[in-house]
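> Please read through the structure below; I'll follow up with questions.
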Amino acid sequence: MTKIIDGKAIAGQIRAELKKEVTHFKEEGREPGLTVILVGDNSASQTYVKFKERAATEIGIRSEVIKKTDEISQEELLQIIAGLNADRKVDGILVQLPLPAHIDQKVVLEAIDPAKDVDGFHPINTGRLFSGQDQERRFEACTPLGIIELLEREGIEIKGKKAVVVGRSNIVGKPVAHLLLERHATVTLCHSRTKDLARETRQADLLIAAVGRAQFIAGDMVKEGAVVIDVGINRVDGKLVGDVEYEGAKARAGYITPVPGGVGPMTIALLMKNTLKARKIHGV
Ligand code: GUN
């Protein structure tokens, strides 16, 4: 029997745990604070930001969304970030991506104080992750962290497993490969130029699909009994589908995450967890 991993339920459990922790921070004299900057009117970004704000408020995190039109200059955006870096009530700063083309994403992400970088995108934080340093004070990207939490809470052992990650983005593929490596998996990182991808994926005890292409991983590319984690969120004919051909993969997998309701809710829960970590680091 294939176990369907209920990311929505697990994320709810994490948020409930965090809510209790926030009470403790409030008693100490200051609740955690998260500020999200949203530039432009990308509808997917607006939805994600709404979910983030809702989750923060529900947990008791002081949350603020700064909305700007896509006419904002890079200079003005950098000034806003400088103000948030200096604001002691703000523990976490998140700039929702993508940014308009006239703004250099790299410059903006590097302007965020690494100690407030709850997205884990600053090169100081990715550097700490990639070199295995400073676990207590570094920030790791939320989707990769969410994947690890799903595995751990399902009692799935990572150590010694053959993990195959499909997709080499800075947001998911690369960081999740490092998190798995740190937990002693043997990791293969595949991408669009990988030759004979199916041969690689069929060897995976743990298959992470993060390519951003609808149903790219066919059912027959999955090893019998494998753990399949589908990170994709693709809209096809008005319906959300993952990067994995779900029914075919489910017939072979030991565990599988659905889309929606798998990894997606975990990303937001782990953003909240990172915000509490930032609050812990900053003190009252
Ligand atoms: N856009 C899509 N995913 C993300 C994310 O995880 N963080 C931010 N800041 N923007 C995104």
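FYI, nothing fancy with the structure tokens labels: chains A, B, ... in order, residues from 1 per chain, ligands from 1 as they appear.
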Which residues in range 32-203 of chain A does DSSP call helix (DSSP H, G or I)? List them as JSON, numbers by chain.
{"A": [43, 44, 45, 46, 47, 48, 49, 50, 51, 52, 53, 54, 55, 56, 57, 58, 59, 74, 75, 76, 77, 78, 79, 80, 81, 82, 83, 84, 85, 86, 105, 106, 107, 108, 109, 110, 111, 114, 115, 116, 123, 124, 125, 126, 127, 128, 129, 130, 142, 143, 144, 145, 146, 147, 148, 149, 150, 151, 152, 153, 173, 174, 175, 176, 177, 178, 179, 180, 181, 182, 197, 198, 199, 200, 201]}
> Please identify every polymer residue within 8 Å of ligand 1, using only C-alpha atoms and all ligand atoms, and present the set as a list in words.
Ser45, Tyr48, Leu94, Val95, Gln96, Leu97, Pro98, Asp119, Ala141, Cys142, Thr143, Ile171 and Thr267 of chain A
> Would you save the residues of that selection, restricted to all heavy atoms, as a short mmCIF file (atom, residue, chain, number, x, y, z; two decimals), in the first residue's frame?

data_model
loop_
_atom_site.label_atom_id
_atom_site.label_comp_id
_atom_site.auth_asym_id
_atom_site.auth_seq_id
_atom_site.Cartn_x
_atom_site.Cartn_y
_atom_site.Cartn_z
N SER A 45 2.08 35.48 -6.85
CA SER A 45 2.79 36.10 -5.71
C SER A 45 1.80 36.66 -4.70
O SER A 45 1.99 36.52 -3.50
CB SER A 45 3.71 37.23 -6.20
OG SER A 45 4.79 36.70 -6.91
N TYR A 48 0.46 33.76 -2.69
CA TYR A 48 1.44 33.23 -1.73
C TYR A 48 1.59 34.17 -0.53
O TYR A 48 1.64 33.73 0.62
CB TYR A 48 2.82 33.05 -2.40
CG TYR A 48 2.87 31.96 -3.45
CD1 TYR A 48 3.60 32.13 -4.63
CD2 TYR A 48 2.23 30.74 -3.26
CE1 TYR A 48 3.67 31.13 -5.60
CE2 TYR A 48 2.29 29.74 -4.22
CZ TYR A 48 3.01 29.94 -5.38
OH TYR A 48 3.07 28.96 -6.33
N LEU A 94 11.26 39.20 4.02
CA LEU A 94 11.13 38.35 2.84
C LEU A 94 10.71 39.23 1.65
O LEU A 94 9.72 39.94 1.74
CB LEU A 94 10.07 37.29 3.12
CG LEU A 94 9.79 36.26 2.03
CD1 LEU A 94 9.37 34.95 2.67
CD2 LEU A 94 8.71 36.71 1.06
N VAL A 95 11.50 39.17 0.59
CA VAL A 95 11.12 39.87 -0.64
C VAL A 95 10.54 38.81 -1.57
O VAL A 95 11.25 37.89 -1.98
CB VAL A 95 12.34 40.56 -1.29
CG1 VAL A 95 11.93 41.21 -2.61
CG2 VAL A 95 12.95 41.58 -0.35
N GLN A 96 9.25 38.94 -1.86
CA GLN A 96 8.61 37.93 -2.71
C GLN A 96 9.18 38.02 -4.13
O GLN A 96 9.31 39.10 -4.69
CB GLN A 96 7.08 38.16 -2.71
CG GLN A 96 6.29 37.09 -3.43
CD GLN A 96 6.35 35.72 -2.75
OE1 GLN A 96 6.53 35.62 -1.54
NE2 GLN A 96 6.23 34.67 -3.52
N LEU A 97 9.50 36.87 -4.69
CA LEU A 97 10.04 36.78 -6.05
C LEU A 97 8.94 36.25 -6.98
O LEU A 97 8.05 35.54 -6.52
CB LEU A 97 11.25 35.85 -6.07
CG LEU A 97 12.38 36.23 -5.11
CD1 LEU A 97 13.49 35.18 -5.16
CD2 LEU A 97 12.94 37.60 -5.43
N PRO A 98 8.95 36.57 -8.25
CA PRO A 98 9.99 37.33 -8.96
C PRO A 98 9.83 38.85 -8.78
O PRO A 98 8.74 39.33 -8.44
CB PRO A 98 9.71 36.95 -10.42
CG PRO A 98 8.24 36.65 -10.47
CD PRO A 98 7.88 36.08 -9.14
N ASP A 119 14.13 33.56 4.27
CA ASP A 119 14.01 32.78 3.04
C ASP A 119 15.27 31.93 2.79
O ASP A 119 15.24 30.99 1.98
CB ASP A 119 13.85 33.73 1.84
CG ASP A 119 12.50 33.61 1.17
OD1 ASP A 119 11.82 32.58 1.36
OD2 ASP A 119 12.13 34.55 0.45
N ALA A 141 16.53 27.54 3.07
CA ALA A 141 15.34 27.83 2.27
C ALA A 141 14.15 26.99 2.75
O ALA A 141 14.30 25.84 3.16
CB ALA A 141 15.62 27.57 0.80
N CYS A 142 12.96 27.59 2.68
CA CYS A 142 11.79 27.00 3.35
C CYS A 142 11.27 25.73 2.68
O CYS A 142 10.85 24.80 3.37
CB CYS A 142 10.68 28.04 3.43
SG CYS A 142 11.22 29.54 4.26
N THR A 143 11.26 25.68 1.36
CA THR A 143 10.74 24.46 0.70
C THR A 143 11.65 23.26 0.97
O THR A 143 11.16 22.19 1.37
CB THR A 143 10.54 24.70 -0.81
OG1 THR A 143 9.64 25.80 -0.96
CG2 THR A 143 9.97 23.48 -1.50
N ILE A 171 16.45 27.83 -5.29
CA ILE A 171 15.39 27.84 -4.27
C ILE A 171 15.11 26.44 -3.74
O ILE A 171 14.82 26.26 -2.57
CB ILE A 171 14.10 28.48 -4.86
CG1 ILE A 171 14.33 29.96 -5.18
CG2 ILE A 171 12.91 28.33 -3.90
CD1 ILE A 171 13.09 30.75 -5.58
N THR A 267 6.05 24.67 3.01
CA THR A 267 6.91 25.83 2.76
C THR A 267 6.53 26.98 3.69
O THR A 267 7.39 27.61 4.32
CB THR A 267 6.78 26.27 1.28
OG1 THR A 267 7.22 25.20 0.47
CG2 THR A 267 7.60 27.51 0.98
#
> Write out as a ChimeraX atom specification all residues of range 13-233 of chain A that backbone DSSP assigns to strand (DSSP E).
/A:33-39,62-68,92-95,162-166,186-190,206-209,227-230
> Go through range 175-212 of chain A residue by residue and, counting only C-alpha atoms, keep those with an atom at most 7 Å from range 220-236 of chain A; for each kept residue give the shortest atom pair and its distance in Å to one decimal, ordered by chain and increasing number, as CSV.

residue,atom,partner,partner_atom,distance
A:Ala198,CA,A:Met221,CA,5.1
A:Thr201,CA,A:Met221,CA,5.9
A:Arg202,CA,A:Lys223,CA,4.7
A:Gln203,CA,A:Lys223,CA,6.3
A:Ala204,CA,A:Lys223,CA,6.4
A:Asp205,CA,A:Ala226,CA,4.7
A:Leu206,CA,A:Val227,CA,4.8
A:Leu207,CA,A:Val228,CA,4.9
A:Ile208,CA,A:Ile229,CA,4.8
A:Ala209,CA,A:Asp230,CA,5.0
A:Ala210,CA,A:Val231,CA,5.1
A:Val211,CA,A:Gly232,CA,6.9
A:Gly212,CA,A:Gly232,CA,5.3
> Find the distance between CA of Gly160 in chain A and CA of Glu136 in chain A and write it in Å to one decimal.
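Going from CA of Gly160 in chain A over to CA of Glu136 in chain A, I get 24.3 Å.
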> At a cut-off of 12 Å, using only C-alpha atoms, what residues contact Asp113 in chain A? Leave out same-chain residues fewer than 6 positions from it and give the result as a list in words.
Leu78, Ile81, Ala82, Gly83, Leu84, Asn85, Ala86, Asp87, Val90, Asp91, Gly92, Ile93, Leu94, Asp119, Gly120, Phe121, His122, Pro123, Ile124, Asn125, Arg138, Phe139, Ala278 and His282 of chain A
> Those selected residues, please, written with N, CA and C atoms and delivered as a short mmCIF file (atom, residue, chain, number, x, y, z; two decimals), in the first residue's frame.

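Once everything was written out, this is selection-v1.cif:
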data_model
loop_
_atom_site.label_atom_id
_atom_site.label_comp_id
_atom_site.auth_asym_id
_atom_site.auth_seq_id
_atom_site.Cartn_x
_atom_site.Cartn_y
_atom_site.Cartn_z
N LEU A 78 15.87 49.25 -1.94
CA LEU A 78 17.03 49.05 -1.06
C LEU A 78 16.90 49.89 0.21
N ILE A 81 14.57 48.12 2.57
CA ILE A 81 15.26 46.99 3.22
C ILE A 81 16.21 47.49 4.31
N ALA A 82 16.91 48.58 4.03
CA ALA A 82 17.84 49.14 5.04
C ALA A 82 17.06 49.52 6.30
N GLY A 83 15.88 50.10 6.11
CA GLY A 83 15.05 50.47 7.26
C GLY A 83 14.62 49.25 8.06
N LEU A 84 14.26 48.18 7.37
CA LEU A 84 13.82 46.95 8.05
C LEU A 84 15.01 46.27 8.74
N ASN A 85 16.17 46.33 8.12
CA ASN A 85 17.37 45.76 8.75
C ASN A 85 17.64 46.41 10.10
N ALA A 86 17.35 47.72 10.18
CA ALA A 86 17.64 48.48 11.41
C ALA A 86 16.51 48.41 12.43
N ASP A 87 15.36 47.88 12.04
CA ASP A 87 14.17 47.88 12.91
C ASP A 87 14.20 46.66 13.84
N VAL A 90 11.54 43.85 13.73
CA VAL A 90 11.47 42.98 12.55
C VAL A 90 12.53 41.88 12.66
N ASP A 91 12.07 40.64 12.80
CA ASP A 91 13.02 39.50 12.87
C ASP A 91 13.29 38.92 11.49
N GLY A 92 12.24 38.89 10.65
CA GLY A 92 12.39 38.27 9.33
C GLY A 92 11.97 39.22 8.22
N ILE A 93 12.75 39.23 7.15
CA ILE A 93 12.42 40.04 5.97
C ILE A 93 12.35 39.10 4.78
N LEU A 94 11.26 39.20 4.02
CA LEU A 94 11.13 38.35 2.84
C LEU A 94 10.71 39.23 1.65
N ASP A 119 14.13 33.56 4.27
CA ASP A 119 14.01 32.78 3.04
C ASP A 119 15.27 31.93 2.79
N GLY A 120 16.36 32.30 3.45
CA GLY A 120 17.62 31.56 3.28
C GLY A 120 18.26 31.73 1.91
N PHE A 121 18.02 32.87 1.26
CA PHE A 121 18.54 33.08 -0.09
C PHE A 121 19.85 33.90 -0.13
N HIS A 122 20.19 34.55 0.99
CA HIS A 122 21.41 35.37 1.00
C HIS A 122 22.63 34.46 0.84
N PRO A 123 23.62 34.90 0.02
CA PRO A 123 24.80 34.04 -0.20
C PRO A 123 25.56 33.65 1.07
N ILE A 124 25.45 34.49 2.10
CA ILE A 124 26.07 34.10 3.39
C ILE A 124 25.38 32.84 3.92
N ASN A 125 24.07 32.80 3.82
CA ASN A 125 23.33 31.64 4.33
C ASN A 125 23.48 30.42 3.44
N ARG A 138 22.37 29.90 10.86
CA ARG A 138 22.14 30.09 9.43
C ARG A 138 20.64 29.88 9.12
N PHE A 139 20.22 30.43 7.99
CA PHE A 139 18.85 30.20 7.53
C PHE A 139 18.87 29.38 6.25
N ALA A 278 14.71 33.26 13.95
CA ALA A 278 15.29 34.60 13.90
C ALA A 278 15.02 35.35 15.20
N HIS A 282 17.72 36.95 17.76
CA HIS A 282 17.77 38.40 18.03
C HIS A 282 17.52 38.74 19.49
#
> Just the residues within 10 Å of Ser192 in chain A, please, counting only C-alpha atoms, with nothing from its chain fewer than 6 positions along; format it as a PyMOL selection string.
chain A and resi 166-168+211
> Let me see the file: selected residues, C-alpha atoms, as a tab-separated table (two decimals), in the first residue's frame.

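Below you can see out.tsv, which holds the result:
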chain	number	residue	atom	x	y	z
A	166	VAL	CA	15.56	16.50	-10.33
A	167	GLY	CA	16.00	20.26	-10.76
A	168	ARG	CA	18.96	22.46	-9.81
A	211	VAL	CA	11.76	20.81	-12.29
> At what distance in Å, to one decimal, does CA of Leu179 in chain A lie from CA of Val118 in chain A?
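Distance reported for this atom pair: 16.3 Å.
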> Can you tell me which residues surround range 145-147 of chain A at a distance of at most 7 Å, considering only C-alpha atoms, apart from same-chain residues fewer than 6 positions away, and format the answer as a PyMOL selection string?
chain A and resi 263+266-267+270
> Write the residues you've just listed into a file as a PDB file, in the first residue's frame, and include C-alpha atoms for each of them.

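out36.pdb written:
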ATOM      1  CA  VAL A 263       5.002  20.175  -0.052  1.00  0.00           C
ATOM      2  CA  MET A 266       5.076  22.914   4.381  1.00  0.00           C
ATOM      3  CA  THR A 267       6.913  25.834   2.760  1.00  0.00           C
ATOM      4  CA  LEU A 270       8.815  26.403   7.676  1.00  0.00           C
TER       5      LEU A 270
END
> Pick out the residues sitting within 10 Å of Arg137 in chain A, and hand them over as a ChimeraX atom specification; count only C-alpha atoms, and ignore anything fewer than 5 positions along from it in its own chain.
/A:114-115,125,128,277-278,280-281
> Just to be explicit: take each residue in the selection above, keep N, CA, C and O atoms, and write the result as a short mmCIF file (atom, residue, chain, number, x, y, z; two decimals), in the first residue's frame.

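Saved file out-v2.cif follows:
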data_model
loop_
_atom_site.label_atom_id
_atom_site.label_comp_id
_atom_site.auth_asym_id
_atom_site.auth_seq_id
_atom_site.Cartn_x
_atom_site.Cartn_y
_atom_site.Cartn_z
N PRO A 114 21.69 39.06 6.74
CA PRO A 114 21.65 37.59 6.76
C PRO A 114 20.97 37.03 8.01
O PRO A 114 20.37 35.95 7.96
N ALA A 115 20.98 37.79 9.10
CA ALA A 115 20.34 37.33 10.35
C ALA A 115 18.81 37.52 10.30
O ALA A 115 18.10 37.11 11.20
N ASN A 125 24.07 32.80 3.82
CA ASN A 125 23.33 31.64 4.33
C ASN A 125 23.48 30.42 3.44
O ASN A 125 23.65 29.31 3.94
N ARG A 128 26.90 29.09 4.12
CA ARG A 128 26.96 28.33 5.38
C ARG A 128 26.37 26.94 5.20
O ARG A 128 26.87 25.95 5.75
N LYS A 277 13.00 31.19 14.66
CA LYS A 277 14.45 31.00 14.84
C LYS A 277 15.15 32.37 14.86
O LYS A 277 16.02 32.62 15.69
N ALA A 278 14.71 33.26 13.95
CA ALA A 278 15.29 34.60 13.90
C ALA A 278 15.02 35.35 15.20
O ALA A 278 15.90 36.03 15.74
N LYS A 280 14.59 34.07 18.11
CA LYS A 280 15.46 33.45 19.13
C LYS A 280 16.87 34.06 19.04
O LYS A 280 17.49 34.39 20.03
N ILE A 281 17.36 34.19 17.83
CA ILE A 281 18.71 34.72 17.62
C ILE A 281 18.78 36.19 18.06
O ILE A 281 19.75 36.61 18.70
#
> Using only C-alpha atoms, which of A:Lys8, A:Lys273, A:Lys89, A:Lys3 sits nearest Thr35 in chain A?
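Once distances to Thr35 in chain A are computed over only C-alpha atoms, the minimum belongs to A:Lys89.
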> For the atom pair CA of Asn42 in chain A and CA of Lys106 in chain A, what is the interatomic distance in Å to one decimal place?
19.4 Å
